[in-house]
Structure formats: structure tokens, C-alpha cells
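Undergrad: Structure in C-alpha cells, see below.
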Amino acid sequence: MSHQENAKFIQAALQAGIAQTEKEQQAAMSTSINGLIKAGFTKEQVLAIAQFQSAGMQYNQALIGHLSVAMLDHLSESSAK
């Protein structure tokens, strides 16, 4: 595989992985919110917990994005040499 093909493969794999992870996170968050409500947490408490979880997910997505860009940049620079 050429560097260009490797870069395309990695980009596609990362995009597919991110999409799958987002689906899984949404399902898990919905389940946890419903569990908190059933456990008797107030709406304000549930909202605070959901916001905290959302911030963690945003951090993870940003980290994955930065790593993806760095890897693709590295592959592009390597193939240009």
C-alpha cells in the first residue's frame, strides 16, 4: 500500500470508528439518564450529570480529532519525501 492509500484507509477507519462510538455513547447516555430518573434523581441533578458526561465525550472527540490530523499529516509528509 502506498502512503496515499494508507492515509485514505486510516481516515476511513477513524471516521467509521468515531461514528460507531458516537452511537454507542448516545445509547449509553440515554440508558444512564433513564436509570438516574428511575432512581429518583431530580431533573436538575440529571441535567448536571448529563452535562458532565457530555463534556467528557467532547474532550474524547477532540483528542481523537487531533490524533487523526497528526497521523494524516505525518502520512502526507512521509509520502511527499
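To be explicit about the labels: the chains of the C-alpha cells are called A, B, and onward in the order shown, and within each one the residues are counted from 1, while ligands get numbers from 1 in the order they are shown.
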At a cut-off of 10 Å, using only C-alpha atoms, what residues contact range 47-57 of chain A? Leave out same-chain residues fewer than 5 positions from it and give the result as a PyMOL selection string.

TA: chain A and resi 21-22+25-26+29-30+32-33+36+41-42+62-63

Undergrad: Determine the nearest neighbour of Val69 in chain A from the options A:Gln20, A:Ser2, A:Thr31, A:Gln11, counting only C-alpha atoms.

TA: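 Answer, going by the shortest atom-to-atom distance: A:Gln11.
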
Undergrad: Between CA of Ile10 in chain A and CA of His66 in chain A, what is the spacing in Å?

TA: 13.8 Å

Undergrad: For Leu72 in chain A, find every residue with an atom within 9 Å (counting only C-alpha atoms), except residues of its own chain fewer than 2 positions away, and show them as a list in words.

TA: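 Final neighbour list, sorted by chain and number: Ala7, Lys8, Ile10, Gln11, Leu67, Ser68, Val69, Ala70, His74, Leu75, Ser76 and Glu77 of chain A.
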